[in-house]
Amino acid sequence: MPKKKKINKNKTKYNKESLKQAVLGVFGNHPNKTFNHKQVARQLLIRESEIKKLIITVLGELEQKDDIEETGRGKYKLKSKEGCVTGTVDMHPTGSARIVSEEFPEEIFVNEGNLNNALNGDIVKVYCFARRRGKKLEGEVIEILKRSRETLVGRVEVSRNFAFLVADRRVLPYDLFIPLKSLKGAQSGDKAIARIVEWPRNVKNPVGEIVEVLGREGDHETEMHAILAEYGLPYAFPPEIEKAAEAIPERISKDEIKNRRDFRNVTTFTIDPADAKDFDDALSLRELDNGNAEVGVHIADVTHYIKPGSVLDAEAYERATSVYLVDRVVPMLPERLSNLVCSLRPDEDKLCYSAVFEIDKDAGVIKEWFGRTVIRSNRRFSYEEAQKVIDTGGGDLAKEILLLNDLAVKLRAERFRQGAIGFEKTEVKFDLDENGKPLGVFFKEMGAANHLIEEFMLLANKRVAEFAGKAGDNDKTGKKGRTFVYRVHDKPQSEKLAIFSKFVRKFGYNIKTGSNHAISSSLNKMLEQVRGRKEQNLIETLAVRSMAKAVYSTKNIGHYGLAFRHYSHFTSPIRRYPDMMVHRLLTHYLNNGESKSAKKYEPMCEHSSKMEQLAVEAERSSVKYKQVEFMSDKVGQVFEGVISGVTEWGLYVELVENKCEGLVHIRNLDDDFYEFDEDNYCLTGRRNNKRFQLGDSLSVVISRANLEKKQLDFILSPVENSR
């Protein structure tokens with residue numbers, strides 16, 4: 001086992017944030033005790049008068065945040081009943097877990113015996129034990145408040161008298177006992193979905209039953225369905241949902257057209273991926289007599305067809321998003337709606353919700369209009385086809401595409417001048433045969449055609465949010481802004497940014513950590529410099545991790561990454577439920593409706609954010625599975641890679657050639673005893689002082705491809721061992 005380097009505890013180099021965490025740690029270690037500022041200083045071995053004074057300030061701020069409460073003059077106590085903390089279980093394959101809590105800064109370790117049947121992702125109440133000197137904070141689960149999942153996915157193993165379902169050890173570290181009568185036809189080697197029906201506290205293995213047999217392990221369809229089931233995501237629509245979708249007519253009535261602004265005679269087109277079928281946005285262009293351009297951003301009018309309270313609306317809300325796996329889209333709406341009725345297909349009249357802008361030659365917005373329209377797309381372009389028009393200056397609708405591209409370039413330049421950050425992480429794609437077997441790996445690149453669509457979608461999303469948010473946000477009237485569904489992105493935490501800045505300096509890059517604009521400018525400069533280099537994907541990945549996650553909320557804090565004070569999602573209602581919420585709220589406010597209740601919409605935003613994250617994790621899981629499958633016939637081959645992660649248990653290495661990632665386990669670094677240096681992202685040999693550091697180049701051999709665990713194992717190549 002590697003050891004972390006010891007920290008000299010006599011050093012008390014605290015900034016305000018780190019001191020805040022340390023002070024909260026004192027209260028967390030002693031949840032039932034009270035402390036004044038002098039007692040806190042003694043607990044932390046702080047002697048410097050400046051830091052002691054800062055403790056007083058920190059205590060006041062922690063009280064304002066409700067982390068602690070003042071029980072007497074200058075005396076404070078952790079604000080948590082009975083020394084308990086509510087948090088989420090993060091299970092380790094060994095059976096132990098850590099509890100991560102928003103109300104408590106420190107992770108709480110819970111051993112297997114004290115989990116009391118809690119599983120990964122469960123929300124639990126934990127009693128914190130008094131900390132033993134030099135040890136992690138430990139606790140015991142005393143109540144399971146909410147189960148993270150109702151079902152489990154795993155491999156079935158059947159013997160003569162009994163059967164088990166073996167799940168991912170991080171999800172369920174024990175085999176699920178299945179009575180033979182509850183197998184539902186499952187056989188050994190099948191992947192299946194099961195649920196726990198009984199789990200007495202004093203029994204290690206829960207008892208369950210098979211809910212659904214997915215198919216044979218290793219089969220492509222089976223594995224994709226298993227990934228969806230693992231994250232609680234559906235892969236088919238119930239019959240009643242399909243029936244409701246079939247009942248929606250494709251034909252548009254003349255009366256409906258009369259009630260809309262008619263764009264059918266205006267040049268209009270879509271640009272989408274070559275394999276897309278759900279075209280939810282189109283652009284129109286009309287040159288005006290004054291030299292300006294009228295640009296229409298036309299979005300499928302999904303809420304015209306799907307009414308609040310309907311079964312289709314309830315299903316769309318529960319799903320909240322379409323899910324994109326390596327080989328398929330699992331749509332939020334049934335295909336009749338997503339690919340036919342709502343899809344903006346060429347040469348068909350389609351109902352839209354539109355944002356129409358008058359734009360001058362400098363890409364300034366002169367006028368805007370929001371409302372319902374009818375369009376008729378003249379042409380469907382793939383991104384590759386539109387890119388060819390931009391590159392060559394010729395082809396279908398070349399005049400329109402080139403003018404829109406010129407405006408998009410100016411919009412993009414202005415956005416970056418305002419402080420937007422240009423994240424464009426490499427996207428891994430696969431060439432699959434008819435059976436889903438990966439034949440090759442390639443990387444999706446963003447070109448001018450992608451940026452063209454992106455900029456006009458961003459413009460529509462921004463201006464819709466400004467219309468809803470700014471109206472009533474007037475200092476003169478004193479009225480509060482109207483409730484709206486925003487896409488928000490918080491600024492990065494200073495500590496995370498400082499850690500990232502320290503890391504990239506090892507590659508010769510510099511990140512400023514002053515004002516927001518200084519941060520974004522230096523990040524953009526670095527992202528430009530790193531493009532095409534071997535460390536590009538690693539640094540882009542770590543840059544994204546240093547940022548906060550974008551989420552949906554009625555509380556508008558702006559979008560840091562885009563440098564927008566107001567931002568929403570208006571442009572993809574076929575695949576995102578928040579866009580449907582935005583369409584409905586926009587309609588209400590265009591009709592001069594009063595502000596809606598934030599108490600109603602905030603939980604809906606939280607649900608949408610949660611489902612979006614699950615969809616992202618499922619997508620990553622499907623990519624990881626195909627990467628391992630692609631590498632499975634390359635065991636024994638040597639590849640060049642970059643160290644993409646350093647942990648106590650080994651080195652994660654990303655292969656330069658195909659971005660596949662695997663683990664060099666520390667037990668295979670057998671030439672020395674290696675210690676984990678968390679602060680410097682490295683493993684260092686105790687005797688030879690050899691160092692393996694995040695970002696270093698490394699030559700490795702594929703030693704094993706474990707499809708069941710979606711894991712690649714590497715060992716150092718002979719060349720690497722001889723260095």
# chains A, B, ... in the order shown; residues from 1 in each chain; ligands from 1

call {"tool": "closest_atom_pairs", "arguments": {"of": "region 146-256 of chain A", "to": "region 621-636 of chain A", "cutoff": "9 Å", "atoms": "only C-alpha atoms", "output": "tab-separated table"}}
result
residue	atom	partner	partner_atom	distance
A:Glu223	CA	A:Ser622	CA	8.5
A:Met224	CA	A:Ser622	CA	6.9
A:Ile227	CA	A:Ser622	CA	6.9

call {"tool": "residues_around", "arguments": {"residues": "region 562-573 of chain A", "least_positions_apart": "6", "cutoff": "6 Å", "atoms": "only C-alpha atoms", "output": "list in words"}}
result
Asp280, Ile299, Gly419, Ala420, Asn461, Lys462, Ala465, Glu466, Tyr486, Arg487, Asp579 and Met580 of chain A

call {"tool": "residues_around", "arguments": {"residues": "region 399-412 of chain A", "least_positions_apart": "3", "cutoff": "6 Å", "atoms": "only C-alpha atoms", "output": "PyMOL selection string"}}
result
chain A and resi 363+415+452+455

call {"tool": "write_last_selection", "arguments": {"atoms": "N, CA and C atoms", "output": "PDB file, in the first residue's frame"}}
result
ATOM      1  N   ALA A 363     -23.141  42.427 -36.580  1.00  0.00           N
ATOM      2  CA  ALA A 363     -23.775  41.391 -35.744  1.00  0.00           C
ATOM      3  C   ALA A 363     -24.430  41.969 -34.497  1.00  0.00           C
ATOM      4  N   ARG A 415     -18.480  37.476 -28.057  1.00  0.00           N
ATOM      5  CA  ARG A 415     -18.699  36.650 -26.855  1.00  0.00           C
ATOM      6  C   ARG A 415     -17.386  36.409 -26.113  1.00  0.00           C
ATOM      7  N   LEU A 452     -21.431  28.050 -36.469  1.00  0.00           N
ATOM      8  CA  LEU A 452     -22.522  28.849 -37.027  1.00  0.00           C
ATOM      9  C   LEU A 452     -23.828  28.556 -36.283  1.00  0.00           C
ATOM     10  N   GLU A 455     -23.699  29.595 -32.439  1.00  0.00           N
ATOM     11  CA  GLU A 455     -23.818  31.012 -32.103  1.00  0.00           C
ATOM     12  C   GLU A 455     -25.254  31.505 -32.180  1.00  0.00           C
TER      13      GLU A 455
END

call {"tool": "residues_around", "arguments": {"residues": "region 247-252 of chain A", "least_positions_apart": "2", "cutoff": "8 Å", "atoms": "only C-alpha atoms", "output": "VMD selection string"}}
result
chain A and resid 243 to 245 254 256 to 257 305 340 to 341 349 to 350

call {"tool": "residues_around", "arguments": {"residues": "Glu315 (chain A)", "least_positions_apart": "5", "cutoff": "10 Å", "atoms": "only C-alpha atoms", "output": "ChimeraX atom specification"}}
result
/A:237-238,241,310,320,332-334

call {"tool": "select_by_dssp", "arguments": {"residues": "region 119-343 of chain A", "states": "alpha helix (DSSP H)", "output": "MDAnalysis selection string"}}
result
chainID A and resid 220:230 239:246 254:258 302:305 311:319 335

call {"tool": "residues_around", "arguments": {"residues": "Ala543 (chain A)", "least_positions_apart": "4", "cutoff": "8 Å", "atoms": "only C-alpha atoms", "output": "list in words"}}
result
Phe500, Ile539 and Met547 of chain A

call {"tool": "write_last_selection", "arguments": {"atoms": "C-alpha atoms", "output": "compact mmCIF listing (two decimals), in the first residue's frame"}}
result
# COMPACT_ATOMS: atom_id res chain seq x y z
CA PHE A 500 -5.41 23.42 -11.71
CA ILE A 539 -5.67 19.44 -19.81
CA MET A 547 -15.23 24.43 -13.28
